[in-house]
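Visitor: This is coords.pdb (PDB, C-alpha atoms and all ligand atoms).
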ATOM      1  CA  MET A  10       0.000   0.000   0.000
ATOM      2  CA  GLY A  11       2.685   2.443   1.118
ATOM      3  CA  VAL A  12       4.664   1.730  -2.053
ATOM      4  CA  ILE A  13       1.716   2.615  -4.274
ATOM      5  CA  VAL A  14       1.151   5.916  -2.507
ATOM      6  CA  LEU A  15       4.814   6.753  -2.824
ATOM      7  CA  LEU A  16       4.805   5.937  -6.544
ATOM      8  CA  ALA A  17       1.726   8.105  -7.092
ATOM      9  CA  LEU A  18       3.373  10.948  -5.227
ATOM     10  CA  LEU A  19       6.491  10.657  -7.344
ATOM     11  CA  ALA A  20       4.404  10.705 -10.525
ATOM     12  CA  VAL A  21       2.650  13.886  -9.430
ATOM     13  CA  LEU A  22       5.931  15.544  -8.526
ATOM     14  CA  GLY A  23       7.334  14.555 -11.899
ATOM     15  CA  GLN A  24       4.403  16.170 -13.670
ATOM     16  CA  LEU A  25       4.764  19.348 -11.697
ATOM     17  CA  ALA A  26       8.418  19.564 -12.676
ATOM     18  CA  ASN A  27       7.442  19.061 -16.317
ATOM     19  CA  ALA A  28       4.813  21.744 -16.122
ATOM     20  CA  GLU A  29       7.357  24.123 -14.733
ATOM     21  CA  ARG A  30       9.787  23.342 -17.504
ATOM     22  CA  ARG A  31       7.090  23.908 -20.098
ATOM     23  CA  LEU A  32       6.238  27.253 -18.588
ATOM     24  CA  PHE A  33       9.869  28.161 -18.676
ATOM     25  CA  ILE A  34      10.288  27.343 -22.339
ATOM     26  CA  ARG A  35       7.162  29.169 -23.448
ATOM     27  CA  ASP A  36       7.823  32.517 -25.018
ATOM     28  CA  LEU A  37       6.257  34.896 -22.530
ATOM     29  CA  PRO A  38       7.025  38.575 -22.104
ATOM     30  CA  ASP A  39       6.352  38.066 -18.423
ATOM     31  CA  LYS A  40       4.091  35.947 -16.292
ATOM     32  CA  ALA A  41       0.990  37.962 -17.219
ATOM     33  CA  GLN A  42      -1.679  36.387 -19.404
ATOM     34  CA  ARG A  43      -2.144  37.422 -22.968
ATOM     35  CA  CYS A  44      -5.314  39.131 -24.127
ATOM     36  CA  ARG A  45      -7.033  39.732 -27.365
ATOM     37  CA  ASN A  46      -8.506  43.208 -27.486
ATOM     38  CA  THR A  47     -10.739  45.403 -29.605
ATOM     39  CA  VAL A  48      -7.667  46.867 -31.335
ATOM     40  CA  GLN A  49      -9.222  49.675 -33.362
ATOM     41  CA  GLY A  50     -10.382  51.977 -30.557
ATOM     42  CA  LEU A  51      -8.863  55.398 -30.829
ATOM     43  CA  HIS A  52      -9.002  56.221 -27.131
ATOM     44  CA  ILE A  53     -10.357  53.219 -25.329
ATOM     45  CA  ILE A  54      -9.843  49.488 -25.611
ATOM     46  CA  ALA A  55     -11.678  46.474 -24.239
ATOM     47  CA  ASP A  56      -9.757  43.248 -23.710
ATOM     48  CA  ASP A  57     -11.133  39.722 -23.817
ATOM     49  CA  ARG A  58     -11.570  39.621 -20.046
ATOM     50  CA  GLY A  59     -14.060  42.475 -20.475
ATOM     51  CA  VAL A  60     -11.783  45.089 -18.959
ATOM     52  CA  VAL A  61     -12.033  48.570 -20.492
ATOM     53  CA  CYS A  62      -9.128  50.987 -20.334
ATOM     54  CA  LYS A  63      -7.595  53.987 -22.021
ATOM     55  CA  ARG A  64      -5.135  53.231 -24.756
ATOM     56  CA  SER A  65      -2.367  54.534 -22.542
ATOM     57  CA  GLU A  66      -3.285  51.904 -19.957
ATOM     58  CA  LEU A  67      -2.894  49.029 -22.365
ATOM     59  CA  ASN A  68       0.056  46.710 -21.965
ATOM     60  CA  TYR A  69       1.159  46.414 -25.586
ATOM     61  CA  ALA A  70       3.242  43.319 -24.856
ATOM     62  CA  THR A  71       0.310  41.304 -23.527
ATOM     63  CA  GLY A  72      -2.645  43.060 -25.121
ATOM     64  CA  CYS A  73      -4.290  43.332 -21.703
ATOM     65  CA  CYS A  74      -5.549  46.431 -19.948
ATOM     66  CA  THR A  75      -3.356  47.120 -16.930
ATOM     67  CA  ILE A  76      -6.148  48.844 -15.028
ATOM     68  CA  GLY A  77      -9.779  49.535 -15.732
ATOM     69  CA  GLN A  78     -13.199  48.244 -14.887
ATOM     70  CA  GLN A  79     -14.276  44.763 -15.816
ATOM     71  CA  HIS A  80     -17.772  44.190 -17.240
ATOM     72  CA  ASP A  81     -18.566  47.890 -17.323
ATOM     73  CA  CYS A  82     -22.231  48.437 -18.165
ATOM     74  CA  SER A  83     -22.318  52.118 -17.202
ATOM     75  CA  LEU A  84     -22.678  53.280 -20.813
ATOM     76  CA  CYS A  85     -25.303  50.695 -21.687
ATOM     77  CA  ASN A  86     -29.061  50.545 -21.286
ATOM     78  CA  ALA A  87     -30.209  47.373 -19.543
ATOM     79  CA  ASN A  88     -33.541  47.349 -21.393
ATOM     80  CA  ASP A  89     -32.361  47.286 -24.964
ATOM     81  CA  ARG A  90     -28.724  46.316 -24.284
ATOM     82  CA  CYS A  91     -27.433  49.175 -26.379
ATOM     83  CA  CYS A  92     -24.378  51.252 -25.459
ATOM     84  CA  SER A  93     -22.970  54.567 -26.537
ATOM     85  CA  GLU A  94     -19.437  53.219 -27.038
ATOM     86  CA  TYR A  95     -18.306  50.131 -28.881
ATOM     87  CA  GLU A  96     -15.775  49.108 -26.237
ATOM     88  CA  ALA A  97     -18.335  49.556 -23.456
ATOM     89  CA  CYS A  98     -20.653  47.286 -25.408
ATOM     90  CA  VAL A  99     -18.007  44.559 -25.632
ATOM     91  CA  SER A 100     -17.183  44.882 -21.936
ATOM     92  CA  CYS A 101     -20.807  44.754 -20.794
ATOM     93  CA  CYS A 102     -21.648  41.950 -23.227
ATOM     94  CA  LEU A 103     -18.932  39.832 -21.578
ATOM     95  CA  SER A 104     -20.556  40.280 -18.183
ATOM     96  CA  PRO A 105     -21.569  36.790 -16.957
ATOM     97  CA  GLN A 106     -25.220  37.812 -16.545
ATOM     98  CA  TYR A 107     -25.562  38.076 -20.328
ATOM     99  CA  ASP A 108     -24.251  34.578 -20.947
ATOM    100  CA  ALA A 109     -22.047  35.369 -23.935
ATOM    101  CA  VAL A 110     -20.160  32.098 -23.434
ATOM    102  CA  ASN A 111     -23.253  30.115 -24.386
ATOM    103  CA  LEU A 112     -24.652  32.555 -26.930
ATOM    104  CA  ALA A 113     -21.381  32.362 -28.847
ATOM    105  CA  LYS A 114     -22.153  28.698 -29.516
ATOM    106  CA  GLN A 115     -25.746  29.363 -30.589
ATOM    107  CA  VAL A 116     -25.726  32.587 -32.580
ATOM    108  CA  LEU A 117     -24.703  32.560 -36.230
ATOM    109  CA  ARG A 118     -21.998  34.977 -37.353
ATOM    110  CA  SER A 119     -24.257  36.049 -40.151
ATOM    111  CA  PRO A 120     -27.887  35.725 -39.085
ATOM    112  CA  ARG A 121     -29.216  34.857 -42.507
ATOM    113  CA  HIS A 122     -26.459  32.434 -43.472
ATOM    114  CA  LYS A 123     -26.469  29.028 -41.843
ATOM    115  CA  ASP A 124     -23.045  28.209 -43.269
ATOM    116  CA  SER A 125     -21.470  31.246 -41.614
ATOM    117  CA  GLY A 126     -20.945  29.168 -38.485
ATOM    118  CA  PHE A 127     -21.157  30.243 -34.876
ATOM    119  CA  TRP A 128     -19.063  32.870 -33.171
ATOM    120  CA  GLY A 129     -17.095  30.318 -31.228
ATOM    121  CA  ASP A 130     -16.126  32.238 -28.143
ATOM    122  CA  ALA A 131     -17.569  34.975 -26.014
ATOM    123  CA  PHE A 132     -15.115  37.670 -27.044
ATOM    124  CA  GLU A 133     -15.569  37.067 -30.774
ATOM    125  CA  TYR A 134     -19.327  37.041 -30.285
ATOM    126  CA  CYS A 135     -19.359  40.299 -28.332
ATOM    127  CA  LYS A 136     -17.007  42.032 -30.758
ATOM    128  CA  GLY A 137     -19.196  40.979 -33.646
ATOM    129  CA  ILE A 138     -22.579  41.736 -32.182
ATOM    130  CA  CYS A 139     -21.512  45.145 -30.865
ATOM    131  CA  ARG A 140     -20.453  46.322 -34.285
ATOM    132  CA  THR A 141     -23.047  48.779 -35.475
ATOM    133  CA  HIS A 142     -26.080  47.005 -36.777
ATOM    134  CA  SER A 143     -26.958  47.950 -40.333
ATOM    135  CA  ARG A 144     -30.601  48.399 -39.416
ATOM    136  CA  SER A 145     -29.848  51.287 -37.118
ATOM    137  CA  THR A 146     -27.995  53.220 -39.788
ATOM    138  CA  ALA A 147     -29.289  52.202 -43.189
ATOM    139  CA  HIS A 148     -29.940  55.249 -45.347
ATOM    140  CA  GLU A 149     -30.191  57.397 -42.268
ATOM    141  CA  ASN A 150     -28.087  60.424 -41.685
ATOM    142  CA  ALA A 151     -28.421  60.101 -37.970
ATOM    143  CA  TYR A 152     -28.450  57.024 -35.816
ATOM    144  CA  ILE A 153     -31.762  56.028 -34.262
ATOM    145  CA  SER A 154     -30.221  56.809 -30.910
ATOM    146  CA  PRO A 155     -26.749  57.678 -29.646
ATOM    147  CA  ARG A 156     -26.706  54.207 -28.131
ATOM    148  CA  HIS A 157     -25.999  52.437 -31.370
ATOM    149  CA  HIS A 158     -23.814  49.543 -30.249
ATOM    150  CA  CYS A 159     -26.079  46.746 -29.156
ATOM    151  CA  PHE A 160     -25.476  43.245 -27.890
ATOM    152  CA  SER A 161     -29.120  42.245 -28.096
ATOM    153  CA  GLN A 162     -30.456  39.896 -30.738
ATOM    154  CA  LEU A 163     -32.628  42.780 -31.891
ATOM    155  CA  GLY A 164     -29.494  44.763 -32.619
ATOM    156  CA  ARG A 165     -30.943  48.236 -32.276
ATOM    157  CA  PRO A 166     -31.962  50.628 -29.558
ATOM    158  CA  MET A 167     -35.478  51.018 -28.283
ATOM    159  CA  LEU A 168     -36.725  54.564 -28.182
ATOM    160  CA  SER A 169     -39.819  54.086 -26.094
ATOM    161  CA  ASP A 170     -40.365  52.372 -22.787
ATOM    162  CA  PRO A 171     -41.027  48.659 -22.926
ATOM    163  CA  LEU A 172     -44.705  47.788 -23.363
ATOM    164  CA  PRO A 173     -46.567  47.098 -20.133
ATOM    165  CA  PRO A 174     -46.859  43.357 -19.529
ATOM    166  CA  GLY A 175     -49.773  41.864 -21.418
ATOM    167  CA  ALA A 176     -50.355  45.004 -23.524
ATOM    168  CA  LEU A 177     -50.568  42.956 -26.691
ATOM    169  CA  GLU A 178     -51.896  39.753 -25.204
ATOM    170  CA  GLY A 179     -54.275  38.035 -27.573
ATOM    171  CA  VAL A 180     -53.464  40.537 -30.302
ATOM    172  CA  GLU A 181     -52.191  39.467 -33.698
ATOM    173  CA  VAL A 182     -50.066  42.256 -35.114
ATOM    174  CA  ALA A 183     -50.562  42.333 -38.874
ATOM    175  CA  THR A 184     -49.215  44.516 -41.649
ATOM    176  CA  GLY A 185     -51.417  45.846 -44.374
ATOM    177  CA  ASP A 186     -50.855  46.388 -48.039
ATOM    178  CA  ASN A 187     -50.842  49.799 -49.714
ATOM    179  CA  ASN A 188     -54.095  51.687 -49.266
ATOM    180  CA  GLU A 189     -55.569  49.078 -46.908
ATOM    181  CA  THR A 190     -57.338  50.007 -43.675
ATOM    182  CA  CYS A 191     -56.710  47.937 -40.568
ATOM    183  CA  ASP A 192     -60.393  47.006 -40.669
ATOM    184  CA  THR A 193     -59.743  45.321 -44.027
ATOM    185  CA  VAL A 194     -56.442  43.813 -42.917
ATOM    186  CA  CYS A 195     -57.981  42.194 -39.839
ATOM    187  CA  ALA A 196     -61.146  41.118 -41.644
ATOM    188  CA  ALA A 197     -58.982  39.176 -44.087
ATOM    189  CA  ARG A 198     -57.758  37.267 -41.019
ATOM    190  CA  ARG A 199     -61.316  36.749 -39.771
ATOM    191  CA  LYS A 200     -60.555  39.129 -36.939
ATOM    192  CA  LEU A 201     -61.435  42.645 -35.901
ATOM    193  CA  CYS A 202     -59.154  45.638 -35.678
ATOM    194  CA  SER A 203     -58.987  46.811 -32.072
ATOM    195  CA  ALA A 204     -58.746  50.611 -31.966
ATOM    196  CA  GLU A 205     -57.808  50.596 -28.302
ATOM    197  CA  HIS A 206     -54.739  48.466 -29.026
ATOM    198  CA  LEU A 207     -53.548  50.754 -31.821
ATOM    199  CA  ARG A 208     -51.744  52.965 -29.337
ATOM    200  CA  TRP A 209     -49.430  50.101 -28.365
ATOM    201  CA  LEU A 210     -48.388  49.766 -31.995
ATOM    202  CA  ASN A 211     -47.955  53.485 -32.449
ATOM    203  CA  SER A 212     -44.192  53.727 -31.943
ATOM    204  CA  CYS A 213     -41.058  53.490 -34.025
ATOM    205  CA  ASP A 214     -40.000  50.500 -31.928
ATOM    206  CA  ARG A 215     -43.074  48.473 -32.913
ATOM    207  CA  LEU A 216     -42.908  49.689 -36.518
ATOM    208  CA  ARG A 217     -39.303  48.538 -36.803
ATOM    209  CA  GLU A 218     -40.300  45.091 -35.610
ATOM    210  CA  HIS A 219     -42.535  44.667 -38.629
ATOM    211  CA  PHE A 220     -41.143  46.921 -41.328
ATOM    212  CA  ASP A 221     -37.583  47.699 -42.334
ATOM    213  CA  CYS A 222     -38.121  51.486 -42.108
ATOM    214  CA  GLU A 223     -34.990  51.825 -44.265
ATOM    215  CA  ALA A 224     -35.372  55.575 -44.543
ATOM    216  CA  GLY A 225     -35.998  56.128 -40.849
ATOM    217  CA  CYS A 226     -38.912  56.641 -38.547
ATOM    218  CA  GLU A 227     -40.589  59.833 -37.397
ATOM    219  CA  ALA A 228     -43.540  60.892 -35.335
ATOM    220  CA  VAL A 229     -45.814  62.804 -37.687
ATOM    221  CA  SER A 230     -49.403  63.757 -37.142
ATOM    222  CA  GLY A 231     -51.737  62.039 -39.556
ATOM    223  CA  LEU A 232     -52.332  58.443 -40.296
ATOM    224  CA  GLY A 233     -51.119  56.325 -37.410
ATOM    225  CA  PRO A 234     -48.417  53.647 -37.434
ATOM    226  CA  SER A 235     -47.529  52.972 -41.035
ATOM    227  CA  TYR A 236     -44.756  52.361 -43.535
ATOM    228  CA  VAL A 237     -44.456  54.166 -46.863
ATOM    229  CA  ASP A 238     -43.989  51.796 -49.766
ATOM    230  CA  ALA A 239     -40.396  51.797 -51.016
ATOM    231  CA  SER A 240     -41.580  52.533 -54.563
ATOM    232  CA  ALA A 241     -43.735  55.515 -53.581
ATOM    233  CA  PRO A 242     -42.923  58.861 -55.263
ATOM    234  CA  LYS A 243     -40.097  60.798 -53.582
ATOM    235  CA  PRO A 244     -42.271  63.511 -51.989
ATOM    236  CA  GLU A 245     -44.138  60.844 -50.040
ATOM    237  CA  ARG A 246     -40.839  59.768 -48.466
ATOM    238  CA  PRO A 247     -40.527  56.138 -49.562
ATOM    239  CA  ALA A 248     -39.343  53.547 -47.010
ATOM    240  CA  MET A 249     -40.108  55.843 -44.079
ATOM    241  CA  CYS A 250     -42.059  54.727 -41.062
ATOM    242  CA  PHE A 251     -44.449  57.121 -39.395
ATOM    243  CA  ALA A 252     -45.952  56.962 -35.946
ATOM    244  CA  GLN A 253     -48.463  59.480 -34.675
ATOM    245  CA  PRO A 254     -47.125  61.841 -31.994
ATOM    246  CA  ALA A 255     -48.515  61.436 -28.504
ATOM    247  CA  GLY A 256     -51.583  63.583 -28.015
ATOM    248  CA  ALA A 257     -52.398  63.791 -31.707
ATOM    249  CA  ALA A 258     -55.796  62.848 -33.083
ATOM    250  CA  GLN A 259     -57.298  59.531 -32.120
ATOM    251  CA  LEU A 260     -55.929  56.512 -33.916
ATOM    252  CA  SER A 261     -58.417  54.853 -36.192
ATOM    253  CA  CYS A 262     -58.849  51.389 -37.660
ATOM    254  CA  GLY A 263     -60.299  53.048 -40.749
ATOM    255  CA  ALA A 264     -57.212  55.105 -41.646
ATOM    256  CA  ARG A 265     -55.493  54.440 -44.977
ATOM    257  CA  GLU A 266     -53.407  56.136 -47.593
ATOM    258  CA  ALA A 267     -52.460  55.119 -51.122
ATOM    259  CA  ASN A 268     -48.797  54.249 -50.574
ATOM    260  CA  HIS A 269     -48.916  53.448 -46.879
ATOM    261  CA  LYS A 270     -48.938  50.046 -45.240
ATOM    262  CA  MET A 271     -50.605  50.161 -41.834
ATOM    263  CA  LEU A 272     -49.578  48.298 -38.719
ATOM    264  CA  CYS A 273     -52.677  46.703 -37.278
ATOM    265  CA  PRO A 274     -53.819  45.064 -34.043
ATOM    266  CA  CYS A 275     -56.222  42.265 -34.877
ATOM    267  CA  VAL A 276     -58.263  40.497 -32.194
TER     268      VAL A 276
HETATM  269  C1  LIG B   1     -57.678  53.139 -52.203
HETATM  270  O1  LIG B   1     -58.795  52.405 -51.786
HETATM  271  C2  LIG B   1     -60.034  53.043 -52.008
HETATM  272  C3  LIG B   1     -61.167  52.219 -51.394
HETATM  273  O2  LIG B   1     -60.994  50.867 -51.669
HETATM  274  C4  LIG B   1     -60.222  53.275 -53.493
HETATM  275  O3  LIG B   1     -61.422  53.956 -53.753
HETATM  276  C5  LIG B   1     -59.075  54.106 -54.031
HETATM  277  O4  LIG B   1     -59.148  54.237 -55.439
HETATM  278  C6  LIG B   1     -57.754  53.427 -53.674
HETATM  279  N1  LIG B   1     -56.660  54.298 -54.060
HETATM  280  C7  LIG B   1     -55.645  53.873 -54.765
HETATM  281  C8  LIG B   1     -54.615  54.877 -55.123
HETATM  282  O5  LIG B   1     -55.527  52.703 -55.079
END
Please go through the file and, once you have read it, give me the structure as C-alpha cells.
Guide:
Amino acid sequence: MGVIVLLALLAVLGQLANAERRLFIRDLPDKAQRCRNTVQGLHIIADDRGVVCKRSELNYATGCCTIGQQHDCSLCNANDRCCSEYEACVSCCLSPQYDAVNLAKQVLRSPRHKDSGFWGDAFEYCKGICRTHSRSTAHENAYISPRHHCFSQLGRPMLSDPLPPGALEGVEVATGDNNETCDTVCAARRKLCSAEHLRWLNSCDRLREHFDCEAGCEAVSGLGPSYVDASAPKPERPAMCFAQPAGAAQLSCGAREANHKMLCPCV
C-alpha cells in the first residue's frame, strides 16, 4: 500500500516539474496572461476579459488592460442592451449575466447564413454583435439613438419604454398592403381591428419590428403607425415609417393612404 502511494506521489511531482519546464520554455514577455482586445479603438480598448481601459493603460506586450473596470455596463441601457461606445458594449456583453459564453455557440456569425458558423467564443461574439447594426444606420443620416452599439439579438436601440406586460396579449399584429385600412387587414384574417390596441403599436419601436423602415422613422401627425412603400414617389418619403405623436388625433382602424402600409392590431 505504502509503495503505491509513494509511486503516485512521485508521478505527481514529476508532472509538476514538467509543467514548470514547459512554462519556462514558453515565449512569454512576463508571467501575465495574454489578451485579445478590440484593437481599433482610438481612445479606449476592451480586452477579452471584459476590462475597459484607455489606450495609454494598455500593456502592448500582452494586449491586456493594466487597469480599468471589468464588465462595465455604465454606458449601456439594460432594457435594450445598447451602449454609446463600442468598447463599453463589448465589456458589458462579456458580463456573466448576459451569458455570452453560451450565446457564442448558438448565434450565427451572419444571421441569414447558416453556413457562416457560430461565433465560437464569447469575445468574438461580443465584438461581432456590438459592431453597429446595419438596421440602425441604413440610409439614415443620424443614428436612431446615440446608443448604437447593441449586444441584443434585436441589434438596435429602443426609443420608447417597454410595453406594459400583457399590452398585446391576444393581439395578432398584422401589416397591411398599400391603401388598406386595418379594418380590411384584420377582416382578411377573420378578426377585428382593435382601436384601443392601436396605441401600443404606435411607436417606431413596434414599426421597426414589422417593417424595415430603411429611410428612418418619425412621429408625424396624420395616419397612425404605417410604412411608406419603397416605390412611392419621392415627396411621399418612400421607405419611411411614421408613428403618430402622442396627443395627436385619435388613432383609427379606418385610416389608410395610397402608398402606406398600416400596422394593425387584430383580435
Ligand atoms: C384606395 O382604396 C379606395 C377604397 O378601396 C379606393 O377607392 C381608391 O381608389 C384606392 N386608391 C388607390 C390609389 O388605389
Visitor: Once you add 8 Å to each side, what are the centre and edge lengths of the axis-aligned box holding all listed atoms of ligand LIG 1 (chain B)? One decimal in Å, as JSON, if you can.
Guide:
{"center_x": -58.0, "center_y": 52.9, "center_z": -53.4, "size_x": 22.8, "size_y": 20.0, "size_z": 20.0}
Visitor: Which residues are near ligand LIG 1 (chain B) - at most 10 Å, using all atoms listed in the file? Format: as a PyMOL selection string.
Guide: chain A and resi 187-190+193+265-268
Visitor: When the PyMOL selection byres (((chain A and resi 182) around 12) and not hetatm) is applied to the structure above, which residues does it catch, written out as a PyMOL selection string?
Guide: chain A and resi 176-181+183-185+191+194-195+198+200-203+206-207+209-211+215-216+218-220+234+271-276
Visitor: Just give me the gap between CA of Asp192 in chain A and CA of Leu260 in chain A in Å, one decimal is fine.
Guide: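 Separation between CA of Asp192 in chain A and CA of Leu260 in chain A: 12.5 Å.
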Visitor: Got a sec to resolve the PyMOL selection byres (((chain A and resi 62-68) around 8) and not hetatm) on this structure and send the residues as a ChimeraX atom specification?
Guide: /A:50-55,60-61,69-78
Visitor: Kindly export the residues of the current selection with C-alpha atoms, as a compact mmCIF listing (two decimals), in the frame of the given file.
Guide:
# COMPACT_ATOMS: atom_id res chain seq x y z
CA GLY A 50 -10.38 51.98 -30.56
CA LEU A 51 -8.86 55.40 -30.83
CA HIS A 52 -9.00 56.22 -27.13
CA ILE A 53 -10.36 53.22 -25.33
CA ILE A 54 -9.84 49.49 -25.61
CA ALA A 55 -11.68 46.47 -24.24
CA VAL A 60 -11.78 45.09 -18.96
CA VAL A 61 -12.03 48.57 -20.49
CA TYR A 69 1.16 46.41 -25.59
CA ALA A 70 3.24 43.32 -24.86
CA THR A 71 0.31 41.30 -23.53
CA GLY A 72 -2.64 43.06 -25.12
CA CYS A 73 -4.29 43.33 -21.70
CA CYS A 74 -5.55 46.43 -19.95
CA THR A 75 -3.36 47.12 -16.93
CA ILE A 76 -6.15 48.84 -15.03
CA GLY A 77 -9.78 49.54 -15.73
CA GLN A 78 -13.20 48.24 -14.89
Visitor: Determine, counting only C-alpha atoms, every residue of protein, DNA or RNA that lies within 6 Å of (-44.8, 55.9, -42.3) in the file coordinates, then give the result as a list in words.
Guide: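 Result, sorted by chain then residue number: Ser235, Tyr236, Val237, Met249, Cys250 and Phe251 of chain A.
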Visitor: Which neighbours of Cys139 in chain A fall inside 10 Å, counting only C-alpha atoms, when residues of the same chain fewer than 2 positions from it are skipped, and could you give them as a PyMOL selection string?
Guide: chain A and resi 90-92+94-100+102+134-137+141-142+157-161+164
Visitor: Can you tell me, as a list in words, what residues are no more than 10 Å from Ser104 in chain A when counting all atoms listed in the file, ignoring any on the same chain fewer than 2 positions away?
Guide: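 Selected residues are Arg58, Gly59, Gln79, His80, Asp81, Cys82, Val99, Ser100, Cys101, Cys102, Gln106, Tyr107, Asp108, Ala109, Val110 and Ala131 of chain A.
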Visitor: Separation of CA of Ala257 in chain A and CA of Pro244 in chain A, in Å?
Guide: 22.7 Å
Visitor: What is the CA of Asn86 in chain A to CA of Trp128 in chain A distance in Å?
Guide: 23.5 Å
Visitor: Which of these residues is nearest to Gln253 in chain A, using all atoms listed in the file: A:Ser240, A:Ser212, A:Ser125, A:Asn111?
Guide: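 Among the listed residues, A:Ser212 lies closest to Gln253 in chain A.
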Visitor: Go through A:Ala204, A:Cys262, A:Ala252, A:Ala196 one by one, measure the shortest atom-to-atom distance of each to Cys222 in chain A using all atoms listed in the file, and give the residue with the smallest value.
Guide: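 Selected residue with least distance to Cys222 in chain A: A:Ala252.
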Visitor: Counting only C-alpha atoms, which residue out of A:Ser261, A:Thr47, A:Ser119, A:Asn88 sits closest to Asp170 in chain A?
Guide: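 Between A:Ser261, A:Thr47, A:Ser119, A:Asn88, the residue approaching Asp170 in chain A most closely is A:Asn88.
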